[in-house]
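> Hey, dropping entry-v5.txt in here, compact mmCIF, C-alpha atoms:
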# COMPACT_ATOMS: atom_id res chain seq x y z
CA ARG A 239 87.46 113.64 122.10
CA GLU A 240 90.00 111.50 120.31
CA ALA A 241 89.22 110.42 116.77
CA GLY A 242 89.11 106.68 116.30
CA ASP A 243 88.19 104.66 113.27
CA GLY A 244 84.59 105.79 113.20
CA ARG A 245 83.41 102.80 115.15
CA ARG A 246 79.90 102.50 116.36
CA ASP A 247 79.56 99.44 118.55
CA GLY A 248 83.00 98.29 117.39
CA LYS A 249 82.03 97.96 113.72
CA VAL A 250 83.87 99.49 110.78
CA ASP A 251 82.56 97.04 108.21
CA GLY A 252 80.23 99.63 106.65
CA LYS A 253 83.12 101.96 105.91
CA GLN A 254 85.26 99.12 104.62
CA ARG A 255 82.47 98.01 102.27
CA GLU A 256 82.22 101.60 101.04
CA VAL A 257 85.97 101.68 100.37
CA LEU A 258 85.65 98.54 98.23
CA ARG A 259 82.70 100.06 96.38
CA LEU A 260 84.66 103.26 95.73
CA LEU A 261 87.69 101.36 94.46
CA ASP A 262 85.45 99.31 92.16
CA THR A 263 83.74 102.46 90.86
CA LEU A 264 86.43 105.14 90.64
CA SER A 265 89.23 105.34 88.12
CA PHE A 266 92.59 105.64 89.90
CA HIS A 267 96.22 104.68 89.45
CA GLN A 268 97.13 104.05 93.08
CA ALA A 269 95.44 104.85 96.38
CA ILE A 270 96.38 105.39 100.00
CA ILE A 271 93.83 104.56 102.68
CA PHE A 272 94.42 106.10 106.09
CA CYS A 273 93.28 104.46 109.33
CA ASN A 274 93.97 105.54 112.89
CA GLN A 275 94.22 102.04 114.34
CA PRO A 276 96.69 99.36 113.11
CA LYS A 277 94.13 96.59 113.71
CA THR A 278 91.61 98.32 111.45
CA ALA A 279 94.29 98.95 108.83
CA GLN A 280 95.29 95.28 108.79
CA LYS A 281 91.67 94.19 108.43
CA MET A 282 91.17 96.66 105.56
CA THR A 283 94.32 95.37 103.85
CA ASP A 284 93.13 91.77 104.14
CA ARG A 285 89.77 92.70 102.62
CA LEU A 286 91.42 94.59 99.76
CA ASN A 287 93.67 91.66 98.87
CA ALA A 288 90.73 89.24 99.06
CA HIS A 289 88.77 91.58 96.76
CA GLY A 290 91.54 91.61 94.15
CA PHE A 291 93.30 94.88 94.97
CA PRO A 292 97.03 94.28 95.61
CA ALA A 293 97.54 96.05 98.93
CA ALA A 294 99.95 96.33 101.83
CA PHE A 295 99.74 97.92 105.27
CA VAL A 296 102.41 100.06 106.91
CA SER A 297 102.54 101.66 110.33
CA GLY A 298 104.94 102.44 113.11
CA THR A 299 104.31 98.92 114.44
CA HIS A 300 106.19 97.47 111.44
CA SER A 301 109.95 97.24 111.19
CA GLN A 302 111.84 99.66 108.98
CA THR A 303 112.58 96.75 106.61
CA GLU A 304 108.85 95.95 106.28
CA ARG A 305 107.95 99.59 105.67
CA VAL A 306 110.67 100.05 103.03
CA ALA A 307 109.60 96.84 101.25
CA ALA A 308 105.98 98.02 101.05
CA MET A 309 107.01 101.46 99.84
CA ARG A 310 109.26 99.93 97.14
CA LYS A 311 106.31 97.86 95.93
CA MET A 312 104.22 101.01 95.78
CA HIS A 313 106.91 102.88 93.84
CA SER A 314 107.30 99.99 91.37
CA PHE A 315 103.51 99.85 90.93
CA SER A 316 103.35 96.29 92.29
CA LEU A 317 100.73 97.59 94.71
CA ARG A 318 97.62 99.52 93.83
CA VAL A 319 96.69 100.36 97.40
CA LEU A 320 98.69 101.21 100.49
CA VAL A 321 96.84 101.20 103.81
CA ALA A 322 98.59 103.31 106.42
CA THR A 323 98.40 104.95 109.77
CA ASP A 324 99.61 108.54 109.96
CA LEU A 325 103.20 107.37 109.54
CA LEU A 326 102.79 108.14 105.82
CA ALA A 327 100.76 111.32 106.20
CA ARG A 328 103.86 113.50 105.93
CA GLY A 329 106.94 113.54 103.78
CA VAL A 330 106.31 110.50 101.58
CA ASP A 331 105.61 111.00 97.89
CA PHE A 332 104.21 108.50 95.43
CA GLY A 333 103.81 109.96 91.95
CA ARG A 334 100.93 107.72 90.92
CA VAL A 335 98.62 108.19 93.91
CA THR A 336 95.46 109.75 92.54
CA LEU A 337 93.13 108.72 95.37
CA VAL A 338 93.30 109.13 99.14
CA ILE A 339 90.55 107.69 101.31
CA GLN A 340 90.41 108.48 105.00
CA LEU A 341 88.64 105.57 106.63
CA SER A 342 89.25 107.23 109.99
CA MET A 343 88.74 110.76 111.18
CA PRO A 344 92.14 112.45 111.55
CA HIS A 345 93.12 113.69 114.99
CA ASP A 346 93.65 117.30 113.91
CA LEU A 347 93.59 119.68 110.95
CA PRO A 348 97.31 119.44 110.08
CA THR A 349 97.02 115.65 109.88
CA TYR A 350 93.96 115.98 107.64
CA LEU A 351 95.82 118.36 105.33
CA HIS A 352 98.90 116.14 105.17
CA ARG A 353 96.81 113.06 104.41
CA VAL A 354 94.96 114.88 101.62
CA GLY A 355 98.29 116.15 100.32
CA ARG A 356 99.41 112.62 99.41
CA THR A 357 97.29 112.78 96.23
CA GLY A 358 97.50 115.05 93.24
CA ARG A 359 101.28 115.34 93.49
CA PHE A 360 103.67 116.55 90.81
CA GLY A 361 101.05 118.45 88.81
CA THR A 362 98.55 115.58 88.62
CA ARG A 363 94.93 115.61 89.69
CA GLY A 364 93.80 113.68 92.71
CA LEU A 365 90.72 112.94 94.76
CA ALA A 366 90.57 112.82 98.56
CA ILE A 367 87.60 111.30 100.38
CA LEU A 368 86.82 111.39 104.11
CA LEU A 369 84.33 108.73 105.19
CA LEU A 370 82.23 109.79 108.16
CA TRP A 371 79.47 108.35 110.26
CA GLU A 372 76.75 110.85 111.09
CA HIS A 373 77.93 111.05 114.71
CA GLU A 374 81.41 112.14 113.47
CA LEU A 375 80.14 115.08 111.44
CA ALA A 376 80.25 117.64 114.28
CA TYR A 377 83.82 116.63 115.11
CA ALA A 378 84.83 117.00 111.44
CA GLN A 379 83.29 120.45 111.24
CA ASN A 380 85.38 121.52 114.24
CA LEU A 381 88.70 120.44 112.72
Would it be possible to restate this file's structure as structure tokens?

Amino acid sequence: REAGDGRRDGKVDGKQREVLRLLDTLSFHQAIIFCNQPKTAQKMTDRLNAHGFPAAFVSGTHSQTERVAAMRKMHSFSLRVLVATDLLARGVDFGRVTLVIQLSMPHDLPTYLHRVGRTGRFGTRGLAILLLWEHELAYAQNL
């Protein structure tokens, strides 16, 4: 079974509302939110910006110029939240990311570990959250 964005009947709104609630509640410097599908990531980014969280979305569907621009904004702290597909799961470091939220179930254990590894870098503490629907729990336990 391939992991999607946790959709049940095509809806991810419940998870996106929970992300907004978490961001309103938790103390964090910057956050990365991982999604498996670019369409879901764009929708999440739009909701974040509408809710007052400066956010951008990056994925392999964007040009190198667009990705670099978003990453520069993250490094300069112009963005609080970066929404990404697994393009950023490996090899990208942001020193102020203290929160990672996985809106979507990762495809495999290495991807999960790399996503989680984007927070708590350089000797800082970080929090990683995986949002699951009940029907995704068995899949998560088998990662």
> Quick one: residues within 10 Å of Leu320 (chain A), only C-alpha atoms counted, chain neighbours fewer than 4 positions away excluded, as a ChimeraX atom specification?
/A:268-272,279,283,286,291-296,308-309,311-312,326,335,338
> Can you pull out the residues contacting Gly358 (chain A)? Cut-off 10 Å, using all atoms listed in the file, and skip same-chain residues under 4 positions away; I want them as a list in words.
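The filter keeps Phe332, Gly333, Arg334, Val335, Thr336, Leu337, Val338, Val354, Thr362, Arg363, Gly364, Leu365 and Ala366 of chain A.
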> Would you mind reading off the distance between CA of Ser342 (chain A) and CA of Leu369 (chain A), one decimal, in Å?
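Distance between the two atoms: 7.0 Å.
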> Just give me the gap between CA of Thr263 (chain A) and CA of Glu374 (chain A) in Å, one decimal is fine.
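Computing it gives 24.7 Å between the two atoms.
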> For CA of Leu317 (chain A) and CA of Ile367 (chain A), determine how far apart the two atoms are, in Å to one decimal place.
19.8 Å
> Closest to Arg285 (chain A) among A:Leu368, A:Cys273, A:Leu264, A:Leu258, using all atoms listed in the file?
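Of A:Leu368, A:Cys273, A:Leu264, A:Leu258, the one nearest Arg285 (chain A), counting all atoms listed in the file, is A:Leu258.
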> Would you please work out which residue, of A:Asp262, A:Ile339, A:Gln275, A:Gly252, is nearest to Arg356 (chain A) when using all atoms listed in the file?
A:Ile339
> Taking the block above, write region 247-364 of chain A with C-alpha atoms as a short mmCIF file (atom, residue, chain, number, x, y, z; two decimals), in the first residue's frame.

data_model
loop_
_atom_site.label_atom_id
_atom_site.label_comp_id
_atom_site.auth_asym_id
_atom_site.auth_seq_id
_atom_site.Cartn_x
_atom_site.Cartn_y
_atom_site.Cartn_z
CA ASP A 247 -13.05 10.26 0.94
CA GLY A 248 -10.62 12.82 -0.50
CA LYS A 249 -10.60 15.05 2.60
CA VAL A 250 -7.52 16.28 4.44
CA ASP A 251 -9.21 19.27 6.02
CA GLY A 252 -9.24 17.66 9.47
CA LYS A 253 -5.47 17.26 9.45
CA GLN A 254 -4.97 20.75 8.11
CA ARG A 255 -7.17 22.20 10.86
CA GLU A 256 -5.09 20.26 13.39
CA VAL A 257 -1.88 21.71 11.93
CA LEU A 258 -3.27 25.23 12.39
CA ARG A 259 -4.30 24.40 15.95
CA LEU A 260 -0.83 23.03 16.71
CA LEU A 261 0.89 26.09 15.27
CA ASP A 262 -1.39 28.36 17.31
CA THR A 263 -0.70 26.36 20.48
CA LEU A 264 2.96 25.31 20.32
CA SER A 265 5.97 27.54 20.78
CA PHE A 266 8.33 27.20 17.82
CA HIS A 267 10.83 29.24 15.83
CA GLN A 268 10.24 27.73 12.40
CA ALA A 269 8.45 24.62 11.18
CA ILE A 270 8.53 22.26 8.23
CA ILE A 271 5.32 20.47 7.25
CA PHE A 272 5.72 17.41 5.05
CA CYS A 273 3.06 16.28 2.58
CA ASN A 274 3.24 13.50 0.02
CA GLN A 275 1.16 15.24 -2.63
CA PRO A 276 2.00 18.67 -4.14
CA LYS A 277 -1.70 19.58 -4.38
CA THR A 278 -2.17 18.97 -0.64
CA ALA A 279 1.01 20.91 0.13
CA GLN A 280 -0.18 23.91 -1.89
CA LYS A 281 -3.55 23.87 -0.15
CA MET A 282 -1.85 23.69 3.26
CA THR A 283 0.42 26.62 2.32
CA ASP A 284 -2.56 28.71 1.25
CA ARG A 285 -4.33 28.00 4.54
CA LEU A 286 -1.22 28.86 6.57
CA ASN A 287 -0.79 32.21 4.82
CA ALA A 288 -4.49 33.00 5.24
CA HIS A 289 -4.17 32.14 8.94
CA GLY A 290 -1.24 34.53 9.42
CA PHE A 291 1.71 32.15 9.24
CA PRO A 292 4.18 33.28 6.54
CA ALA A 293 4.66 30.09 4.54
CA ALA A 294 5.96 28.79 1.23
CA PHE A 295 5.74 25.45 -0.54
CA VAL A 296 8.59 23.65 -2.29
CA SER A 297 8.65 20.41 -4.23
CA GLY A 298 10.24 18.83 -7.24
CA THR A 299 7.48 20.39 -9.34
CA HIS A 300 8.99 23.85 -8.72
CA SER A 301 11.92 25.27 -10.62
CA GLN A 302 15.34 25.42 -8.98
CA THR A 303 14.97 29.22 -8.82
CA GLU A 304 11.66 28.93 -6.93
CA ARG A 305 13.08 26.37 -4.50
CA VAL A 306 16.19 28.46 -3.80
CA ALA A 307 14.08 31.59 -3.24
CA ALA A 308 11.89 29.80 -0.68
CA MET A 309 14.91 28.33 1.09
CA ARG A 310 16.58 31.76 1.26
CA LYS A 311 13.43 33.17 2.87
CA MET A 312 13.52 30.35 5.39
CA HIS A 313 17.20 30.96 6.17
CA SER A 314 16.59 34.71 6.60
CA PHE A 315 13.61 33.99 8.88
CA SER A 316 11.19 35.70 6.47
CA LEU A 317 9.17 32.49 6.61
CA ARG A 318 7.97 30.71 9.71
CA VAL A 319 6.73 27.63 7.91
CA LEU A 320 7.96 25.69 4.91
CA VAL A 321 5.60 23.10 3.43
CA ALA A 322 7.44 20.46 1.45
CA THR A 323 7.29 17.15 -0.26
CA ASP A 324 10.15 14.75 0.45
CA LEU A 325 12.49 16.92 -1.63
CA LEU A 326 13.57 18.53 1.66
CA ALA A 327 13.57 15.38 3.77
CA ARG A 328 17.30 14.85 3.23
CA GLY A 329 20.34 17.04 3.20
CA VAL A 330 18.78 20.44 3.91
CA ASP A 331 19.48 22.15 7.22
CA PHE A 332 17.67 25.08 8.75
CA GLY A 333 19.07 26.04 12.14
CA ARG A 334 15.83 27.48 13.50
CA VAL A 335 13.45 24.62 12.70
CA THR A 336 12.15 23.41 16.04
CA LEU A 337 8.98 21.74 14.75
CA VAL A 338 8.33 19.16 12.04
CA ILE A 339 4.78 18.07 11.30
CA GLN A 340 4.11 15.18 8.97
CA LEU A 341 0.69 15.78 7.49
CA SER A 342 1.17 12.68 5.37
CA MET A 343 2.37 9.21 6.22
CA PRO A 344 5.90 8.73 4.84
CA HIS A 345 6.43 5.99 2.28
CA ASP A 346 9.10 4.17 4.30
CA LEU A 347 11.13 4.25 7.51
CA PRO A 348 14.20 6.04 6.08
CA THR A 349 11.96 8.85 4.82
CA TYR A 350 10.30 9.10 8.23
CA LEU A 351 13.69 9.33 9.95
CA HIS A 352 14.99 11.94 7.51
CA ARG A 353 11.85 14.06 7.90
CA VAL A 354 12.11 13.90 11.70
CA GLY A 355 15.80 14.75 11.43
CA ARG A 356 15.02 18.22 10.05
CA THR A 357 14.26 19.45 13.59
CA GLY A 358 16.47 19.69 16.64
CA ARG A 359 19.56 20.43 14.57
CA PHE A 360 22.84 21.90 15.79
CA GLY A 361 22.31 20.98 19.44
CA THR A 362 18.82 22.46 19.72
CA ARG A 363 15.66 20.73 20.85
CA GLY A 364 12.92 19.94 18.42
#
